[in-house]
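Note sheet for the following structure.
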Amino acid sequence: MFSSNSFSDYVLLDAGDGEKLEAWGNITLRRPDPMAIWPKLKPGIWDEAKAVYHRSNKGGGSWEFKEKLPKEWTVAYRDLTFKVSPTSFKHTGIFPEQAANWDLINDKLKDRHDARVLNLFAYSGVATTVAAACHIEETVHVDAAKGMIEWAKDNRDLSHLSDERIRYIVDDCLKFMKREVRRGRKYEGIIMDPPSYGRGPNNELFKFEEQINPLIEEGIKLLSDKALFFIVNTYTTGYSGTVISNTLRKHFEDGGFKGKIEADELGIRIEGTDYYLPCGFTSRWSNE
Ligand SMILES: C[S@@+](CC[C@H](N)C(=O)[O-])C[C@H]1O[C@@H](n2cnc3c(N)ncnc32)[C@H](O)[C@@H]1O
């Protein structure tokens, strides 16, 4: 399992009975989690939650605040700072299990200031910020949702990276990649976290199983001959690490790339236990 110990301000306190209890800095939230089907490990601590997200029978859901909380607050990962805010879709702006990928990005880029990184489906820009913090040549952040760019810029500014070269692009990822291929652009690192199902900026239908191959094909065309990594993450239920490992591997083998492909579940350790909450799958190619 890919798991990180570097996200010091985030603690998974417990999970079970379809929910998780998490400390985001000093604010504890309780959210549904369909993976946590086992009984709670620490039933006595769940009243600590300051806000609880309740699913609605009609779809969606809402937060019940046990006390008045700030609209947003910050948490630290290494020496970076990110904004947390409970959104109406139960998300907080951060997928904490991604810290395992942020660690890889940081390891690969820390001595490669010449690198350019493309972060696709970049959401609130946490991975963008991690890459830019390595003082690289350029980080390109692409997401279809215009509103998320402001959040991504907040994360850049909170982490004191306003002087770094980051391009924020609102576009459909595949269209943008095809344009970059035509322009002859190259990258040393590519990160993609496509949704299972969704709509692009012009309402284009997105289905993971239909788009993943073209996305990887275009991504490979964008890799430079000094490429360092290519990360593909999915939260699509039903596709295991082996499925995305096979998909990435086939394209890299066909492209004649050397290096290593690894794939695993992403998970977060439940504090004080050796239980892990599984949270999606990542497959990654790296140059060694
Ligand atoms: C699963 S989230 C990514 C999470 C993010 N990688 C992280 O770890 O914080 C999906 C994101 O993809 C974006 N998105 C969905 N379809 C898109 C498309 N066709 N092109 C660009 N972005 C898209 C959404 O706006 C959303 O921000």
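A note on labels: chains of the structure tokens are A, B, ... as shown, every chain counts residues from 1, and ligands are counted from 1 in their shown order.
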
query = Within 6 Å of range 267-284 of chain A, counting only C-alpha atoms, which residues qualify if same-chain residues fewer than 6 places away don't, as a list in words?
reply =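 Once the nearby chain positions are removed, what remains is Ser3, Leu12, Leu13, Asp14, Glu97, Phe230, Ile231, Val232, Asn233, Thr234, Tyr235, Gly241, Ser245 and Ile261 of chain A.
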
The selected residues should be written to file as a PDB file, in the first residue's frame (atoms: N, CA, C and O atoms).
ATOM      1  N   SER A   3       1.431   4.775   1.289  1.00  0.00           N
ATOM      2  CA  SER A   3       0.927   5.564   2.415  1.00  0.00           C
ATOM      3  C   SER A   3       2.037   6.516   2.855  1.00  0.00           C
ATOM      4  O   SER A   3       3.209   6.208   2.675  1.00  0.00           O
ATOM      5  N   LEU A  12      -5.961  10.553  10.675  1.00  0.00           N
ATOM      6  CA  LEU A  12      -7.174   9.736  10.574  1.00  0.00           C
ATOM      7  C   LEU A  12      -7.346   9.084  11.940  1.00  0.00           C
ATOM      8  O   LEU A  12      -6.596   8.182  12.316  1.00  0.00           O
ATOM      9  N   LEU A  13      -8.335   9.582  12.686  1.00  0.00           N
ATOM     10  CA  LEU A  13      -8.500   9.128  14.074  1.00  0.00           C
ATOM     11  C   LEU A  13      -9.171   7.769  14.137  1.00  0.00           C
ATOM     12  O   LEU A  13      -8.846   6.938  14.980  1.00  0.00           O
ATOM     13  N   ASP A  14     -10.146   7.556  13.257  1.00  0.00           N
ATOM     14  CA  ASP A  14     -10.828   6.258  13.234  1.00  0.00           C
ATOM     15  C   ASP A  14     -11.639   6.161  11.937  1.00  0.00           C
ATOM     16  O   ASP A  14     -11.871   7.170  11.247  1.00  0.00           O
ATOM     17  N   GLU A  97      -4.817  11.153   1.277  1.00  0.00           N
ATOM     18  CA  GLU A  97      -4.066   9.953   0.863  1.00  0.00           C
ATOM     19  C   GLU A  97      -3.083  10.271  -0.259  1.00  0.00           C
ATOM     20  O   GLU A  97      -2.113   9.543  -0.467  1.00  0.00           O
ATOM     21  N   PHE A 230       5.538   9.699 -14.059  1.00  0.00           N
ATOM     22  CA  PHE A 230       4.207   9.801 -14.669  1.00  0.00           C
ATOM     23  C   PHE A 230       3.272   9.100 -13.673  1.00  0.00           C
ATOM     24  O   PHE A 230       3.401   7.902 -13.462  1.00  0.00           O
ATOM     25  N   ILE A 231       2.384   9.867 -13.075  1.00  0.00           N
ATOM     26  CA  ILE A 231       1.517   9.312 -12.017  1.00  0.00           C
ATOM     27  C   ILE A 231       0.072   9.298 -12.500  1.00  0.00           C
ATOM     28  O   ILE A 231      -0.433  10.328 -12.969  1.00  0.00           O
ATOM     29  N   VAL A 232      -0.587   8.170 -12.385  1.00  0.00           N
ATOM     30  CA  VAL A 232      -2.025   8.085 -12.705  1.00  0.00           C
ATOM     31  C   VAL A 232      -2.743   7.606 -11.454  1.00  0.00           C
ATOM     32  O   VAL A 232      -2.397   6.561 -10.890  1.00  0.00           O
ATOM     33  N   ASN A 233      -3.730   8.370 -11.041  1.00  0.00           N
ATOM     34  CA  ASN A 233      -4.519   7.972  -9.867  1.00  0.00           C
ATOM     35  C   ASN A 233      -5.973   7.771 -10.278  1.00  0.00           C
ATOM     36  O   ASN A 233      -6.455   8.437 -11.189  1.00  0.00           O
ATOM     37  N   THR A 234      -6.638   6.835  -9.613  1.00  0.00           N
ATOM     38  CA  THR A 234      -8.078   6.718  -9.848  1.00  0.00           C
ATOM     39  C   THR A 234      -8.823   6.376  -8.565  1.00  0.00           C
ATOM     40  O   THR A 234      -8.317   5.637  -7.725  1.00  0.00           O
ATOM     41  N   TYR A 235     -10.002   6.980  -8.467  1.00  0.00           N
ATOM     42  CA  TYR A 235     -10.915   6.636  -7.370  1.00  0.00           C
ATOM     43  C   TYR A 235     -12.077   5.811  -7.915  1.00  0.00           C
ATOM     44  O   TYR A 235     -13.060   5.598  -7.213  1.00  0.00           O
ATOM     45  N   GLY A 241      -5.414  -1.679  -8.545  1.00  0.00           N
ATOM     46  CA  GLY A 241      -4.063  -1.251  -8.909  1.00  0.00           C
ATOM     47  C   GLY A 241      -3.568  -2.001 -10.131  1.00  0.00           C
ATOM     48  O   GLY A 241      -2.878  -1.441 -10.981  1.00  0.00           O
ATOM     49  N   SER A 245      -2.217  -0.427 -13.449  1.00  0.00           N
ATOM     50  CA  SER A 245      -0.816  -0.781 -13.715  1.00  0.00           C
ATOM     51  C   SER A 245      -0.687  -1.364 -15.119  1.00  0.00           C
ATOM     52  O   SER A 245       0.199  -0.976 -15.894  1.00  0.00           O
ATOM     53  N   ILE A 261       7.600   0.572 -13.289  1.00  0.00           N
ATOM     54  CA  ILE A 261       6.170   0.827 -13.092  1.00  0.00           C
ATOM     55  C   ILE A 261       5.800   0.187 -11.762  1.00  0.00           C
ATOM     56  O   ILE A 261       6.144  -0.978 -11.513  1.00  0.00           O
TER      57      ILE A 261
END

Considering only C-alpha atoms and all ligand atoms, tabulate each residue of chain A that lies at most 9 Å from ligand 1 along with its nearest interatomic pair and the corresponding distance in Å to one decimal; arrange the rows by chain and ascending residue number and present them as CSV.
residue,atom,partner,partner_atom_place_in_ligand_line,distance
A:Gly93,CA,ligand 1,9 (O),6.7
A:Ile94,CA,ligand 1,9 (O),5.2
A:Phe95,CA,ligand 1,8 (O),5.1
A:Pro96,CA,ligand 1,8 (O),7.8
A:Glu97,CA,ligand 1,8 (O),8.3
A:Gln98,CA,ligand 1,8 (O),5.7
A:Ala99,CA,ligand 1,8 (O),8.6
A:Asn101,CA,ligand 1,8 (O),8.9
A:Asn119,CA,ligand 1,6 (N),7.9
A:Leu120,CA,ligand 1,21 (C),6.7
A:Phe121,CA,ligand 1,12 (O),3.8
A:Ala122,CA,ligand 1,6 (N),4.8
A:Tyr123,CA,ligand 1,27 (O),3.4
A:Ser124,CA,ligand 1,9 (O),5.7
A:Gly125,CA,ligand 1,9 (O),6.4
A:Val126,CA,ligand 1,9 (O),5.9
A:Ala127,CA,ligand 1,8 (O),6.8
A:Val142,CA,ligand 1,21 (C),6.2
A:Asp143,CA,ligand 1,22 (N),3.8
A:Ala144,CA,ligand 1,22 (N),3.8
A:Ala145,CA,ligand 1,25 (O),4.3
A:Lys146,CA,ligand 1,25 (O),8.0
A:Gly147,CA,ligand 1,25 (O),8.7
A:Met148,CA,ligand 1,27 (O),6.6
A:Val170,CA,ligand 1,21 (C),7.4
A:Asp171,CA,ligand 1,21 (C),5.6
A:Asp172,CA,ligand 1,20 (N),3.5
A:Cys173,CA,ligand 1,20 (N),4.1
A:Leu174,CA,ligand 1,20 (N),6.8
A:Lys175,CA,ligand 1,20 (N),8.2
A:Phe176,CA,ligand 1,20 (N),8.5
A:Ile191,CA,ligand 1,6 (N),8.0
A:Met192,CA,ligand 1,6 (N),6.7
A:Asp193,CA,ligand 1,6 (N),4.7
A:Pro194,CA,ligand 1,10 (C),5.7
A:Pro195,CA,ligand 1,1 (C),4.8
A:Ser196,CA,ligand 1,1 (C),7.9
A:Tyr197,CA,ligand 1,16 (N),7.7
A:Gly198,CA,ligand 1,16 (N),5.6
A:Arg199,CA,ligand 1,16 (N),5.5
A:Gly200,CA,ligand 1,19 (N),3.8
A:Pro201,CA,ligand 1,18 (C),6.7
A:Asn202,CA,ligand 1,19 (N),8.8
A:Asn203,CA,ligand 1,19 (N),8.6
A:Glu204,CA,ligand 1,19 (N),7.1
A:Leu205,CA,ligand 1,19 (N),7.8
A:Phe206,CA,ligand 1,19 (N),6.1
A:Asn233,CA,ligand 1,6 (N),7.9
A:Thr234,CA,ligand 1,1 (C),7.5
A:Tyr235,CA,ligand 1,1 (C),7.1

ask   = Running DSSP on the backbone, which parts of range 40-160 of chain A land in strand (DSSP E or B), as a PyMOL selection string?
value = chain A and resi 51-55+61-65+73-77+80-84+116-120+138-143

Near-Trp24 in chain A list (8 Å; only C-alpha atoms; drop same-chain fewer than 6 positions) as an NGL selection string = :A and (9-11 or 75 or 84)

ask   = If you measure from CA of Leu215 in chain A to CA of Met177 in chain A, what distance in Å do you get, rounded to one decimal?
value = 8.0 Å

task = Have a look at CA of Leu228 in chain A and CA of Asp163 in chain A and let me know their distance in Å, one decimal.
result =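 Value for the CA of Leu228 in chain A-CA of Asp163 in chain A distance: 23.7 Å.
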
query = In range 101-263 of chain A, what's alpha helix (DSSP H) per DSSP? Answer as an MDAnalysis selection string?
reply = chainID A and resid 101:109 126:132 146:158 173:182 208:222 241:254

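The two atoms in question, CA of Glu188 in chain A and CA of Trp285 in chain A, are spaced 11.7 Å apart.
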